[in-house]
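Coordinates as given in data-v5.txt (compact mmCIF, C-alpha atoms):
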# COMPACT_ATOMS: atom_id res chain seq x y z
CA VAL A 1 -198.78 -9.42 52.84
CA LEU A 2 -199.78 -7.81 56.12
CA SER A 3 -197.63 -4.78 55.38
CA VAL A 4 -199.53 -4.24 52.13
CA LEU A 5 -202.95 -4.87 53.67
CA LEU A 6 -202.53 -2.90 56.87
CA LEU A 7 -200.02 -0.18 56.00
CA LEU A 8 -199.98 0.48 52.27
CA LEU A 9 -203.55 -0.25 51.19
CA PRO A 10 -205.23 2.24 53.57
CA LEU A 11 -203.10 4.99 51.99
CA LEU A 12 -204.22 4.05 48.48
CA THR A 13 -207.96 3.71 48.99
CA SER A 14 -210.63 6.01 50.34
CA GLN A 15 -212.86 3.09 51.28
CA PRO A 16 -212.75 2.15 54.97
CA LEU A 17 -211.24 -1.14 56.03
CA ASP A 18 -212.59 -0.99 59.56
CA LEU A 19 -212.72 -4.75 60.09
CA LEU A 20 -209.10 -5.18 59.09
CA HIS A 21 -208.10 -2.26 61.28
CA HIS A 22 -209.99 -3.73 64.23
CA ALA A 23 -208.13 -7.04 63.93
CA ARG A 24 -204.73 -5.63 62.97
CA TRP A 25 -202.92 -6.58 66.19
CA ASN A 26 -204.24 -10.13 66.00
CA LEU A 27 -203.05 -10.37 62.42
CA TRP A 28 -199.59 -9.01 63.26
CA THR A 29 -199.16 -11.37 66.22
CA TYR A 30 -200.69 -14.46 64.55
CA THR A 31 -203.45 -14.70 67.14
CA GLU A 32 -206.32 -14.09 64.74
CA ASN A 33 -207.74 -17.55 65.37
CA ILE A 34 -207.93 -16.86 69.11
CA ARG A 35 -209.85 -13.62 68.51
CA ILE A 36 -212.32 -15.44 66.27
CA ALA A 37 -212.67 -18.35 68.72
CA PHE A 38 -213.69 -16.11 71.59
CA THR A 39 -215.71 -13.50 69.68
CA GLY A 40 -217.21 -15.45 66.81
CA HIS A 41 -216.40 -12.55 64.47
CA ASP A 42 -214.67 -13.90 61.42
CA PRO A 43 -213.15 -11.28 59.08
CA LEU A 44 -214.64 -12.57 55.85
CA PRO A 45 -213.89 -10.79 52.55
CA VAL A 46 -213.43 -7.08 53.23
CA GLN A 47 -213.73 -4.84 50.18
CA GLY A 48 -212.90 -7.86 48.04
CA LEU A 49 -209.96 -8.90 50.25
CA CYS A 50 -210.23 -12.45 51.51
CA VAL A 51 -208.40 -12.57 54.83
CA GLY A 52 -210.61 -15.12 56.56
CA HIS A 53 -208.07 -17.90 56.03
CA PHE A 54 -205.39 -16.07 58.05
CA TRP A 55 -206.71 -17.81 61.17
CA SER A 56 -205.29 -21.14 59.98
CA LEU A 57 -201.92 -19.54 59.33
CA ALA A 58 -202.03 -18.32 62.92
CA VAL A 59 -202.59 -21.87 64.22
CA GLU A 60 -199.64 -23.12 62.19
CA GLU A 61 -197.32 -20.31 63.30
CA GLN A 62 -198.16 -20.93 66.96
CA PHE A 63 -197.29 -24.58 66.47
CA TYR A 64 -194.07 -23.76 64.61
CA LEU A 65 -193.04 -21.49 67.48
CA LEU A 66 -193.41 -24.17 70.16
CA TRP A 67 -192.82 -27.51 68.44
CA PRO A 68 -189.07 -27.00 67.75
CA ILE A 69 -188.59 -26.45 71.48
CA ALA A 70 -190.36 -29.74 72.18
CA VAL A 71 -188.22 -31.53 69.60
CA LEU A 72 -185.09 -30.08 71.19
CA LEU A 73 -186.01 -31.08 74.74
CA LEU A 74 -187.91 -34.37 74.37
CA SER A 75 -187.01 -37.85 73.16
CA ASN A 76 -188.92 -39.42 70.27
CA THR A 77 -190.91 -41.51 72.73
CA ASN A 78 -192.00 -38.46 74.68
CA LEU A 79 -192.72 -36.60 71.47
CA LEU A 80 -195.10 -39.40 70.48
CA ARG A 81 -196.76 -39.17 73.87
CA THR A 82 -197.09 -35.44 73.35
CA CYS A 83 -198.74 -36.04 69.97
CA ILE A 84 -201.20 -38.46 71.56
CA ALA A 85 -201.98 -35.89 74.25
CA MET A 86 -202.46 -33.19 71.60
CA THR A 87 -204.88 -35.42 69.70
CA ILE A 88 -206.93 -36.38 72.73
CA THR A 89 -207.03 -32.77 73.90
CA ALA A 90 -208.23 -31.49 70.53
CA ILE A 91 -211.03 -34.05 70.23
CA ALA A 92 -212.14 -33.55 73.84
CA LEU A 93 -212.18 -29.75 73.50
CA ARG A 94 -214.21 -29.89 70.29
CA ILE A 95 -216.79 -32.17 71.87
CA GLY A 96 -216.86 -30.11 75.04
CA SER A 97 -217.20 -26.78 73.23
CA VAL A 98 -220.19 -28.00 71.22
CA ALA A 99 -221.81 -29.57 74.28
CA ILE A 100 -221.44 -26.39 76.31
CA THR A 101 -221.96 -23.61 73.79
CA HIS A 102 -223.92 -25.40 71.01
CA GLN A 103 -221.71 -23.40 68.63
CA VAL A 104 -218.75 -24.37 66.47
CA TRP A 105 -216.64 -21.20 66.62
CA PHE A 106 -214.43 -22.16 69.56
CA GLY A 107 -213.98 -25.78 68.53
CA TYR A 108 -213.12 -24.85 64.97
CA PHE A 109 -210.76 -21.92 65.47
CA PHE A 110 -209.04 -22.29 68.86
CA THR A 111 -205.48 -23.60 68.61
CA LEU A 112 -205.77 -26.49 71.05
CA CYS A 113 -208.89 -27.70 69.24
CA ARG A 114 -206.94 -28.19 66.00
CA THR A 115 -203.70 -29.73 67.20
CA ASP A 116 -204.62 -33.26 66.10
CA CYS A 117 -203.96 -32.30 62.47
CA LEU A 118 -200.54 -30.98 63.41
CA ALA A 119 -199.87 -34.02 65.58
CA ALA A 120 -200.57 -36.36 62.64
CA GLY A 121 -197.79 -34.78 60.61
CA ALA A 122 -195.46 -34.81 63.59
CA VAL A 123 -196.09 -38.53 64.15
CA ILE A 124 -195.16 -39.29 60.54
CA ALA A 125 -191.94 -37.29 60.91
CA ILE A 126 -191.06 -39.13 64.11
CA ALA A 127 -191.88 -42.53 62.59
CA ALA A 128 -189.56 -41.78 59.68
CA GLN A 129 -186.57 -41.77 62.05
CA THR A 130 -186.46 -45.57 62.51
CA ALA A 131 -187.16 -48.64 60.39
CA ARG A 132 -189.56 -50.01 63.00
CA GLY A 133 -191.39 -46.70 63.12
CA LYS A 134 -191.78 -46.68 59.34
CA GLN A 135 -193.18 -50.21 59.32
CA LEU A 136 -195.69 -49.44 62.05
CA ALA A 137 -196.74 -46.19 60.39
CA LEU A 138 -197.21 -47.90 57.03
CA ARG A 139 -199.27 -50.73 58.52
CA THR A 140 -201.50 -48.18 60.20
CA ALA A 141 -201.70 -45.99 57.10
CA ARG A 142 -202.90 -48.86 54.90
CA TYR A 143 -206.09 -48.92 56.98
CA ALA A 144 -206.32 -45.26 58.00
CA ALA A 145 -206.12 -43.82 54.48
CA PRO A 146 -208.95 -45.78 52.80
CA ILE A 147 -211.25 -45.97 55.83
CA GLY A 148 -210.78 -42.29 56.63
CA SER A 149 -211.33 -41.32 53.00
CA VAL A 150 -214.57 -43.27 52.80
CA VAL A 151 -215.84 -41.68 56.02
CA LEU A 152 -215.00 -38.21 54.68
CA LEU A 153 -216.78 -38.96 51.41
CA ILE A 154 -219.90 -40.08 53.27
CA LEU A 155 -219.71 -37.00 55.49
CA PHE A 156 -219.40 -34.76 52.43
CA ILE A 157 -222.50 -36.30 50.88
CA LEU A 158 -224.45 -35.95 54.13
CA ALA A 159 -223.37 -32.34 54.55
CA ALA A 160 -224.23 -31.50 50.94
CA THR A 161 -227.72 -33.00 51.20
CA ALA A 162 -228.53 -31.92 54.77
CA HIS A 163 -231.58 -29.71 55.26
CA SER A 164 -230.11 -28.13 58.38
CA SER A 165 -226.64 -26.73 59.08
CA PRO A 166 -224.04 -29.54 59.13
CA ASP A 167 -221.47 -27.45 61.04
CA GLN A 168 -221.48 -29.54 64.19
CA LEU A 169 -221.28 -32.77 62.19
CA VAL A 170 -218.32 -31.43 60.24
CA LEU A 171 -216.58 -30.23 63.40
CA LEU A 172 -217.05 -33.36 65.49
CA ILE A 173 -216.55 -36.00 62.82
CA GLY A 174 -214.91 -34.27 59.88
CA CYS A 175 -212.19 -32.55 61.86
CA THR A 176 -211.43 -35.83 63.64
CA VAL A 177 -211.30 -38.03 60.55
CA THR A 178 -209.43 -35.56 58.31
CA PRO A 179 -205.99 -36.01 59.96
CA ILE A 180 -206.53 -39.78 59.98
CA ALA A 181 -207.32 -39.94 56.26
CA PHE A 182 -204.76 -37.45 54.99
CA GLY A 183 -202.15 -38.50 57.52
CA GLY A 184 -202.50 -42.03 56.17
CA ILE A 185 -202.16 -40.83 52.58
CA VAL A 186 -199.07 -38.77 53.39
CA ALA A 187 -197.52 -41.69 55.27
CA LEU A 188 -198.08 -44.06 52.34
CA ILE A 189 -196.42 -41.63 49.95
CA ALA A 190 -193.63 -40.34 52.19
CA LEU A 191 -192.67 -43.59 53.92
CA GLY A 192 -193.70 -46.25 51.44
CA ASN A 193 -193.27 -46.95 47.76
CA TYR A 194 -196.77 -45.80 46.86
CA GLN A 195 -196.15 -42.90 44.51
CA PRO A 196 -198.84 -42.59 41.83
CA ARG A 197 -197.62 -41.20 38.52
CA LEU A 198 -200.15 -38.39 38.84
CA LEU A 199 -198.33 -37.07 41.90
CA GLN A 200 -195.06 -37.07 39.97
CA SER A 201 -196.43 -34.98 37.11
CA PHE A 202 -194.65 -31.67 36.50
CA PRO A 203 -197.75 -29.41 36.82
CA LEU A 204 -198.77 -30.96 40.12
CA ARG A 205 -195.23 -30.79 41.49
CA GLN A 206 -195.03 -27.12 40.57
CA LEU A 207 -198.40 -26.47 42.16
CA GLY A 208 -197.22 -28.21 45.32
CA ARG A 209 -194.05 -26.12 45.35
CA TYR A 210 -195.87 -22.80 45.17
CA SER A 211 -199.23 -23.66 46.76
CA TYR A 212 -198.31 -22.52 50.26
CA GLY A 213 -197.16 -19.16 48.94
CA LEU A 214 -200.42 -18.78 47.02
CA TYR A 215 -202.35 -19.74 50.14
Turn this file's structure into structure tokens for me.
Amino acid sequence: VLSVLLLLLPLLTSQPLDLLHHARWNLWTYTENIRIAFTGHDPLPVQGLCVGHFWSLAVEEQFYLLWPIAVLLLSNTNLLRTCIAMTITAIALRIGSVAITHQVWFGYFFTLCRTDCLAAGAVIAIAAQTARGKQLALRTARYAAPIGSVVLLILFILAATAHSSPDQLVLLIGCTVTPIAFGGIVALIALGNYQPRLLQSFPLRQLGRYSYGLY
């Protein structure tokens, strides 16, 4: 994708892609989210090309680079402690960034501010290794999934009807509750016997198979 956007496309069009060119090294090195976090300049659609979502791919790639090393070196107990530390760090940094800057850029895009979502998935994977871990994860998920979903629904309604910008509300509450709600749902499906027929439908399974590539 980057080869087409940054190497081939400029040769085929006479229209300037200055914003893409300016951020090319961040895109190549998967540090686009860090550039956005510190500058506040998000490369939104450029000449009809939507590249704004590449920041989230950068966060994931940074995690994928480091997490296997942690898995190799640490026991499951220490991995869980690491996940707890990642979660606390992310929440604290989001709160601190808003309190200090009154902006949401840093808290939304910087890697360490988004590690609680990644930690939620890691916790589920660790819990799946033992029967006791599965039981504990499922007990937690039975509360986390519905409560988190209700909170997100309320937040969505508040954000949709707010007269002022809801960005800080979404960052401080939404980004905290999202891994709780969806982590609970994933745990119920992956570790338990809760598998709605809708999720087993062929179209949805195919969409799930190819969705990451489309993204």
Worksheet item: So which residues touch Ala125 in chain A within 10 Å, counting all atoms listed in the file, skipping near sequence neighbours fewer than 4 positions away, as a PyMOL selection string?
Response: chain A and resi 119-121+129+133-134+187+190-191
Discussion item. If I take CA of Arg132 in chain A and CA of Gly192 in chain A, how far is one from the other in Å, to one decimal?
Written reply: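 Here the two named atoms are 12.8 Å from each other.
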Worksheet item: Using all atoms listed in the file, can you list as a count of residues only the residues within 9 Å of (-202.1, -33.9, 60.1)?
Response: 17
Item to complete: Considering only C-alpha atoms, state which residue in the set A:Asn193, A:Ser75, A:Thr111, A:Gln62 is at the smallest distance from Ala90 in chain A.
Response: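 Closest to Ala90 in chain A, using only C-alpha atoms: A:Thr111.
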Item to complete: Determine the nearest neighbour of Ile36 in chain A from the options A:Val104, A:Ala70, A:Ile173, A:Ala131, counting all atoms listed in the file.
Response: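 Using all atoms listed in the file, the shortest distance to Ile36 in chain A belongs to A:Val104.
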Worksheet entry | Among listed residues A:Leu74, A:Leu171, A:Ile157, A:Val177, nearest Ile95 in chain A (using all atoms listed in the file) |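 So, comparing all the options, the nearest one is A:Leu171.
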Worksheet item: Using all atoms listed in the file, which residue out of A:Ile34, A:Ile88, A:Ala160, A:Ala127 lies closest to Leu57 in chain A?
Response: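 That would be A:Ile34, the residue with the smallest distance to Leu57 in chain A.
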Discussion item. Please compute the CA of Val151 in chain A-CA of Asp167 in chain A distance, one decimal, in Å.
Written reply: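 Atom-to-atom, CA of Val151 in chain A to CA of Asp167 in chain A, that is 16.1 Å.
Shortest atom-to-atom contact with Tyr108 in chain A among A:Thr29, A:Gln168, A:Gln206, A:Thr161: A:Gln168, counting all atoms listed in the file.
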Worksheet entry | Nearest candidate to Glu32 in chain A (options A:Gly96, A:Phe109, A:Thr89, A:Leu188; using only C-alpha atoms) | A:Phe109
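For the atom pair formed by CA of Thr31 in chain A and CA of Gly213 in chain A, the distance is 19.8 Å, given to one decimal.
Omitting Trp55 in chain A and its sequence neighbours fewer than 3 positions away, and counting all atoms listed in the file, the residues within 7 Å are Glu32, Asn33, Gly52, Ala58 and Val59 of chain A.
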Find the smallest box with edges along x, y and z containing every listed atom of range 202-211 of chain A, then add 5 Å on each side and report centre and edge lengths in Å to one decimal, as lines of an AutoDock Vina configuration file.
center_x = -196.6
center_y = -27.2
center_z = 41.6
size_x = 15.2
size_y = 18.9
size_z = 20.3
